[in-house]
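Visitor: Mind looking over this structure? Questions follow.
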Protein chains: 4
Amino acid sequence: MAMVCLSDFEAHAKKYLPKIAWDYFAAGADDCTTRDENILAYKRIRFRPRMLRDVSVVDIKTKILGSEISFPVGIAPTGFHQLAWPDGEKSTARAARAMDTCYIASTYSTCTLEEISAAAPGGLRWFQLYIHHNRAASQQLVQRAEALGFQGLVLTTDLPYTGKRRDDVRNGFRLPPHMKVKNLERAFEVCKMSPSFHSLRWHAPHETKATGLDPSVTWNDIYWLRSLTRLPIIIKGILTREDAELAVRHGVQGIIVSNHGGRQLDEGPATIDALVEVVEAVRGRVEVYVDGGIRKGSDVLKALALGAKCVFIGRPALWGLAYKGEEGLQDVLRILQDEFRLSMALAGCASVSEIGQHLVQFSKL
Amino acid sequence: MAMVCLSDFEAHAKKYLPKIAWDYFAAGADDCTTRDENILAYKRIRFRPRMLRDVSVVDIKTKILGSEISFPVGIAPTGFHQLAWPDGEKSTARAARAMDTCYIASTYSTCTLEEISAAAPGGLRWFQLYIHHNRAASQQLVQRAEALGFQGLVLTTDLPYTGKRRDDVRNGFRLPPHMKVKNLERAFEVCKMSPSFHSLRWHAPHETKATGLDPSVTWNDIYWLRSLTRLPIIIKGILTREDAELAVRHGVQGIIVSNHGGRQLDEGPATIDALVEVVEAVRGRVEVYVDGGIRKGSDVLKALALGAKCVFIGRPALWGLAYKGEEGLQDVLRILQDEFRLSMALAGCASVSEIGQHLVQFSKL
Amino acid sequence: MAMVCLSDFEAHAKKYLPKIAWDYFAAGADDCTTRDENILAYKRIRFRPRMLRDVSVVDIKTKILGSEISFPVGIAPTGFHQLAWPDGEKSTARAARAMDTCYIASTYSTCTLEEISAAAPGGLRWFQLYIHHNRAASQQLVQRAEALGFQGLVLTTDLPYTGKRRDDVRNGFRLPPHMKVKNLERAFEVCKMSPSFHSLRWHAPHETKATGLDPSVTWNDIYWLRSLTRLPIIIKGILTREDAELAVRHGVQGIIVSNHGGRQLDEGPATIDALVEVVEAVRGRVEVYVDGGIRKGSDVLKALALGAKCVFIGRPALWGLAYKGEEGLQDVLRILQDEFRLSMALAGCASVSEIGQHLVQFSKL
Amino acid sequence: MAMVCLSDFEAHAKKYLPKIAWDYFAAGADDCTTRDENILAYKRIRFRPRMLRDVSVVDIKTKILGSEISFPVGIAPTGFHQLAWPDGEKSTARAARAMDTCYIASTYSTCTLEEISAAAPGGLRWFQLYIHHNRAASQQLVQRAEALGFQGLVLTTDLPYTGKRRDDVRNGFRLPPHMKVKNLERAFEVCKMSPSFHSLRWHAPHETKATGLDPSVTWNDIYWLRSLTRLPIIIKGILTREDAELAVRHGVQGIIVSNHGGRQLDEGPATIDALVEVVEAVRGRVEVYVDGGIRKGSDVLKALALGAKCVFIGRPALWGLAYKGEEGLQDVLRILQDEFRLSMALAGCASVSEIGQHLVQFSKL
């Protein structure tokens with residue numbers, strides 16, 4: 001089977017992953033409307049391609065928060081990479097470095113931050129954080145990440161409680177015994193969390209105090225994070241102009257427009273639709289990124305045309321890992337890179353700086 | 001089979017109920033367009049979720065006409081609960097009381113009002129009324145309900161004649177001989193209705209005088225009802241701003257936006273769409289509720305965001321009964337409650353009073 | 001099999017008619033887009049039903065051009081009724097009279113006008129005319145119709161050439177040898193038409209002179225028709241405001257908004273959509289009717305709400321004939337009548353005069 | 001199997017062509033969204049047909065750049081006709097001449113320009129050009145075409161690199177050994193291209209220098225072309241008003257609105273939608289044509305109503321060739337011609353000059 005486009009990797013993963021792992025990665029909340037809308041919304045955007053513009057050289061490099069990456073696609077934070085490939089996040093880190101792009105390592109990694117760092121020294125990495133009831137544990141994680149050379153801190157805001165993913169509930173999803181949420185193990189040596197914490201079983205919100213996530217977090221906690229680290233803070237999960245404005249006012253350096261892959265509140269906006277509103281509110285004061293629904297190089301071009309500085313891929317990275325680990329993820333990234341470069345050329349753009357809103361229009365359908 | 005969401009109860013009911021009963025509960029008028037639109041219209045509403053708002057405590061309690069309920073979901077009036085479960089409306093009453101919410105008992109109950117009251121003393125209940133040719137019989141019903149402690153009188157306005165539900169016509173639907181519309185039996189001891197009354201067979205309207213329903217009812221009859229009882233009057237079946245205004249002017253205390261589950265006039269508006277127009281017309285002068293199409297906790301959140309004080313569920317309650325009687329209906333309510341609380345948290349609302357129109361937008365699709 | 005709604009008759013006809021006859025009746029031009037749109041367009045119209053308006057008596061009678069009919073549904077002109085039922089148009093005439101409504105007999109009838117008249121003396125009938133190259137033949141037909149007591153003359157304007165109905169071309173459709181287009185036989189005794197005239201085979205327009213239809217007809221020919229008869233002239237096939245205005249200026253008494261059941265120019269407007277534009281242009285100066293896509297009583301209500309004085313049914317009448325001749329067509333009409341009366345009642349209308357545009361809105365979907 | 005409409009030819013080609021050839025002709029870029037949209041967009045346009053306008057004679061002739069053609073449908077440039085029929089472009093040329101219309105021969109023909117000319121002397125032909133790195137080779141081609149009596153030069157602008165057509169990648173599409181891109185062979189005798197040039201295998205754009213196409217072409221190269229030939233220059237691939245304005249300013253004689261049959265940048269506009277914008281920008285200063293999605297005579301009428309002077313067909317011509325070579329292509333053209341004439345008549349147009357925007361409206365759906 002030739003791996004020609006990202007759907008080929010999806011089909012492969014669906015066929016070869018254990019059902020419980022596939023279901024976990026594929027899951028969306030409730031009816032999965034938002035998960036699917038993330039993809040469909042890209043289809044409603046039409047290019048306005050320009051001709052005869054000398055695209056003999058197409059420069060796809062860009063910078064995020066001052067660091068150069070080879071093209072504007074990074075790896076979004078997703079959990080439990082060992083479910084996809086034995087080496088887990090170590091492979092992810094190596095692939096990202098090989099392709100010269102940014103990898104956002106999740107709190108819910110099955111490798112420690114130290115293992116991830118050691119696997120691909122010098123790679124550009126950010127660390128994704130959930131704030132827990134035990135603030136000391138969160139503080140320790142942030143400071144470990146900074147010490148290990150992670151260059152950004154991504155605060156996820158859309159998971160005060162876990163969304164209701166029906167298949168996970170039916171499957172009674174939990175990690176196999178030989179996998180661990182290793183970062184938290186160490187962090188919680190000091191704080192003694194209940195073992196059920198790792199199960200990620202769906203609980204009705206009034207029963208979920210035991211997961212350790214702190215649903216009382218507010219905008220003021222940004223100041224607390226600020227006091228812990230000199231890393232730039234990127235806030236993830238913003239979907240409205242109001243929250244975008246609040247994020248800027250609270251001094252973050254970046255915003256990731258995200259709905260958690262449609263895994264949290266179902267029937268919120270597709271991220272590419274929300275991007276428009278957020279970019280408008282931000283007016284260039286901080287960088288804006290987007291994740292969710294990226295399946296082709298031309299999706300990347302659309303996101304950039306609508307104001308994103310870079311996009312992040314979640315599930316496609318996992319499919320790449322599931323295919324051939326580090327090598328499979330590189331294949332996925334390389335396909336996106338080639339497709340992105342080609343779509344730039346066919347739209348008449350010779351460099352990322354030439355991409356702008358004039359390139360797209362929303363279809364009336 | 002795990003019961004994870006309301007569709008699981010629907011699938012169970014479809015599998016285990018006698019076809020004639022399933023068809024009766026599932027029936028919509030004509031092409032069932034409005035029945036299905038009630039659900040689809042919710043899908044066209046998108047949340048605008050807000051982040052970082054301290055949802056460690058989520059208070060889902062509310063009040064309807066001054067009575068506190070544990071969350072804003074009550075039981076809509078539907079007929080013939082014994083078709084779903086042997087104990088019929090007695091089980092419904094017990095489940096509603098156990099979950100601390102409001103049950104609207106139908107005129108077409110298969111238990112008497114007295115049996116319903118005795119099954120769950122102290123529960124919050126309203127009584128649903130059709131006005132019959134025999135006004136004395138209707139008066140007697142209203143006064144029995146008031147004497148039994150029912151706390152509201154719900155007048156259904158959208159059934160001057162029964163809608164044309166094709167499956168019921170094909171099935172020749174009528175109640176099994178051991179079930180009776182008991183409230184009317186007693187009422188009609190005084191008024192000698194034709195036995196065909198109970199058959200509910202579809203007649204062309206010019207043949208249906210025999211059903212006993214009075215299609216000559218007008219707004220002036222609200223004054224007559226007012227003269228019979230001190231109970232608050234809630235009017236059910238309103239779909240336009242014009243009728244909402246008339247309802248307020250005629251002194252009702254509440255409006256239920258309803259299209260009878262799509263069982264009466266096909267191709268009217270979905271109730272969640274009509275809610276917007278009714279809420280706008282009412283301008284807070286009376287409480288507005290809505291039924292039809294509620295299948296998830298987030299649907300409840302949408303209805304409240306658009307101005308409903310509370311929603312009522314019809315078919316899902318019957319599926320719960322069909323699953324395990326009182327216990328099954330509690331399962332249904334508990335799932336809705338958990339989902340509602342979770343969707344509030346994920347949308348950034350810590351109490352019902354924080355829910356507002358800013359939380360939603362209508363999708364252009 | 002119970003005949004509950006018009007689709008039941010359609011399914012029956014599809015099952016029992018010879019394929020070549022079914023295909024001929026069902027045919028639409030080209031991709032059949034307009035044929036299907038005629039139906040779908042009704043689905044995009046939503047009722048705004050009103051409550052509590054005393055619908056104990058629902059008067060569905062109306063008048064067209066001064067003649068009372070029992071309800072606003074007549075029989076549209078369609079050809080070759082013997083393909084559906086041995087007695088052909090004689091049965092149609094009897095059913096229309098029995099149901100007290102108007103039947104528009106087609107030029108392409110398989111019975112003569114004299115046979116039709118004799119079958120149901122005193123019934124309200126209009127005669128549908130195509131203008132042929134041989135004007136004397138057309139004149140003779142008009143004058144025969146008038147002499148026989150037909151009360152209106154319907155000029156079809158949308159068939160200068162026959163539309164391309166692919167199935168008819170594939171089937172090589174032509175009438176079985178024992179059926180004849182009898183009206184024309186007699187008319188053409190004087191004018192010697194080529195026998196291929198009756199074949200109705202699809203020809204490219206440059207080859208179709210032989211069909212006898214005159215594609216050079218213009219608005220001035222209305223004056224010629226006017227000079228031949230005192231019958232009111234109703235013009236059929238109008239789809240634009242411009243042509244509606246011309247029709248009024250040329251002195252017609254009525255307009256039938258029609259696209260020939262989607263059998264002529266594919267991808268023109270659905271008739272219910274075109275009705276709005278025509279009614280607006282006509283401003284009450286002449287009566288406006290509509291055909292195409294009527295499948296339920298509530299479709300009739302929608303058409304009247306949008307300004308039609310009456311609707312005409314084409315294919316459903318043929319399905320009724322195919323089911324049981326005269327009796328089957330009465331069944332079809334009776335179902336539409338009952339459904340129309342019921343939908344009026346459920347929408348809050350006690351008489352046809354209460355039906356108005358306030359009852360409907362166009363869905364945004 | 002009767003060949004009644006163009007889909008019949010499509011079905012035939014799909015059944016009888018080698019899969020690799022069918023896939024190549026059918027291919028669209030990426031998800032094939034634009035390829036399919038080209039067709040769907042026509043369906044969203046509704047006619048506003050006019051009645052009683054004397055269509056006894058329907059004149060379908062028109063002129064393009066001063067040359068009369070029998071009806072406004074020409075043959076778009078497509079490659080490798082020998083994949084469809086042994087005689088390849090020679091058959092195409094003969095069919096176009098027989099039907100008295102224009103054939104745009106592709107650079108990627110499998111016959112030489114000389115063979116094409118000799119096959120159908122006196123036929124109206126334009127030559128389609130890609131500009132190569134080797135400008136001398138391109139110059140030679142242009143001058144050969146002019147010398148051979150081609151009457152227009154069509155510059156394709158939307159293929160700086162080949163689009164990503166997944167099936168071709170999977171199939172490893174390349175020409176069978178006995179077919180050659182003969183025009184280039186001769187041209188490249190002087191310039192020694194790499195043999196991989198003929199493979200047309202998909203390369204990521206950074207690897208495709210070897211194809212010989214020059215992606216550095218800009219608007220200034222129009223002036224260079226202008227200096228080489230006295231032929232009118234028609235620019236193909238324009239989709240925006242901005243590029244239409246540039247084309248006019250650079251002195252071209254015609255514009256073909258085209259997205260290369262959806263084979264280049266996926267998710268650009270359907271050509272019929274882009275036509276509206278281009279026609280508006282051009283304001284009659286040059287002729288505008290369109291290709292893509294034409295499947296019926298009424299599509300031609302729509303394109304002309306929206307301002308195209310003529311349309312060109314790509315895949316349908318190949319299906320015609322695949323059916324019966326020259327004869328099959330004539331069948332295709334004849335069907336389109338008959339359908340176009342009929343749709344003109346049914347819309348009330350007696351000559352091409354009567355076709356205008358008043359004939360169409362965009363459906364809200």
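Labels for the structure tokens follow display order: chains A, B, ..., residues from 1 in each chain, ligands from 1.
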Ser216 (chain B): which residues within 12 Å, counting only C-alpha atoms, same-chain residues fewer than 6 positions away excluded, as a PyMOL selection string?
Guide: (chain B and resi 130-135+157+159-161+209) or (chain C and resi 51-58+345+348-350)
Visitor: As a PyMOL selection string, please: the residues near Val360 (chain B) (cut-off 10 Å, only C-alpha atoms, same-chain neighbours under 6 positions excluded).
Guide: (chain A and resi 267-269) or (chain B and resi 45-49+301-303+305-306+347)
Visitor: Select from region 6-139 of chain A everything DSSP, run on the backbone, classes as helix (DSSP H, G or I), then give the selection as a count of residues only.
Guide: 55
Visitor: So which residues touch Ile255 (chain C) within 8 Å, counting only C-alpha atoms, skipping near sequence neighbours fewer than 2 positions away, as a PyMOL selection string?
Guide: chain C and resi 234-236+238+244+247+252-253+257+286-289
Visitor: Smallest atom-to-atom distance to Met99 (chain C): which of C:Asn259, C:Lys61, C:Val282, C:Leu83, using only C-alpha atoms?
Guide: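 Using only C-alpha atoms, the shortest distance to Met99 (chain C) belongs to C:Lys61.
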Visitor: Contacts of Gln337 (chain A) at 12 Å or less, counting only C-alpha atoms, minus same-chain residues fewer than 5 places along, as number ranges by chain?
Guide: A: 5-6, 58-61, 69-74, 99-101, 295-301, 330-332, 342-344; D: 204-206
Visitor: Where does chain B meet chain C within 10 Å, residue by residue, with the nearest atom pair and distance in Å to one decimal for each, counting only C-alpha atoms, listed by chain and rising number, as a tab-separated table?
Guide:
```
residue	atom	partner	partner_atom	distance
B:Asp30	CA	C:Lys296	CA	8.1
B:Asp31	CA	C:Lys296	CA	9.3
B:Thr33	CA	C:Lys43	CA	8.2
B:Thr34	CA	C:Arg46	CA	9.3
B:Thr156	CA	C:Met51	CA	9.7
B:Thr157	CA	C:Met51	CA	6.0
B:Asp158	CA	C:Met51	CA	6.3
B:Leu159	CA	C:Leu346	CA	7.2
B:Pro160	CA	C:Leu346	CA	7.0
B:Tyr161	CA	C:Leu346	CA	7.4
B:Thr162	CA	C:Leu342	CA	8.6
B:Gly163	CA	C:Leu342	CA	7.6
B:Lys164	CA	C:Glu339	CA	7.9
B:Arg165	CA	C:Val4	CA	9.6
B:Arg166	CA	C:Val4	CA	6.6
B:Asp167	CA	C:Val4	CA	9.0
B:Val169	CA	C:Val4	CA	7.3
B:Arg170	CA	C:Ala2	CA	6.4
B:Asn171	CA	C:Ala2	CA	9.6
B:His203	CA	C:Asp338	CA	8.7
B:Ala204	CA	C:Asp338	CA	5.2
B:Pro205	CA	C:Leu342	CA	5.7
B:His206	CA	C:Asp338	CA	7.9
B:Glu207	CA	C:Asp338	CA	9.7
B:Lys209	CA	C:Ser56	CA	8.8
B:Leu213	CA	C:Ser56	CA	9.9
B:Asp214	CA	C:Ser56	CA	7.3
B:Pro215	CA	C:Ser56	CA	4.7
B:Ser216	CA	C:Asp54	CA	3.8
B:Val217	CA	C:Asp54	CA	5.4
B:Thr218	CA	C:Leu52	CA	4.2
B:Trp219	CA	C:Leu52	CA	5.7
B:Asn220	CA	C:Leu52	CA	8.9
B:Asp221	CA	C:Leu52	CA	8.8
B:Ile222	CA	C:Leu52	CA	9.8
B:Lys236	CA	C:Met51	CA	9.8
B:Gly237	CA	C:Met51	CA	7.6
B:Ile238	CA	C:Met51	CA	7.0
B:Leu239	CA	C:Pro49	CA	6.9
B:Thr240	CA	C:Arg48	CA	6.4
B:Arg241	CA	C:Arg48	CA	9.6
B:Glu242	CA	C:Arg50	CA	8.1
B:Asp243	CA	C:Arg50	CA	6.6
B:Leu246	CA	C:Met51	CA	9.9
B:Asn259	CA	C:Pro49	CA	9.5
B:Gln264	CA	C:Leu346	CA	7.1
B:Leu265	CA	C:Leu346	CA	5.8
B:Asp266	CA	C:Ser298	CA	8.0
B:Glu267	CA	C:Arg46	CA	5.4
B:Gly268	CA	C:Phe47	CA	4.4
B:Pro269	CA	C:Arg46	CA	6.0
B:Ala270	CA	C:Arg46	CA	9.3
B:Ala274	CA	C:Arg48	CA	9.2
B:Lys364	CA	C:Lys364	CA	8.9
B:Leu365	CA	C:Leu365	CA	7.3
```
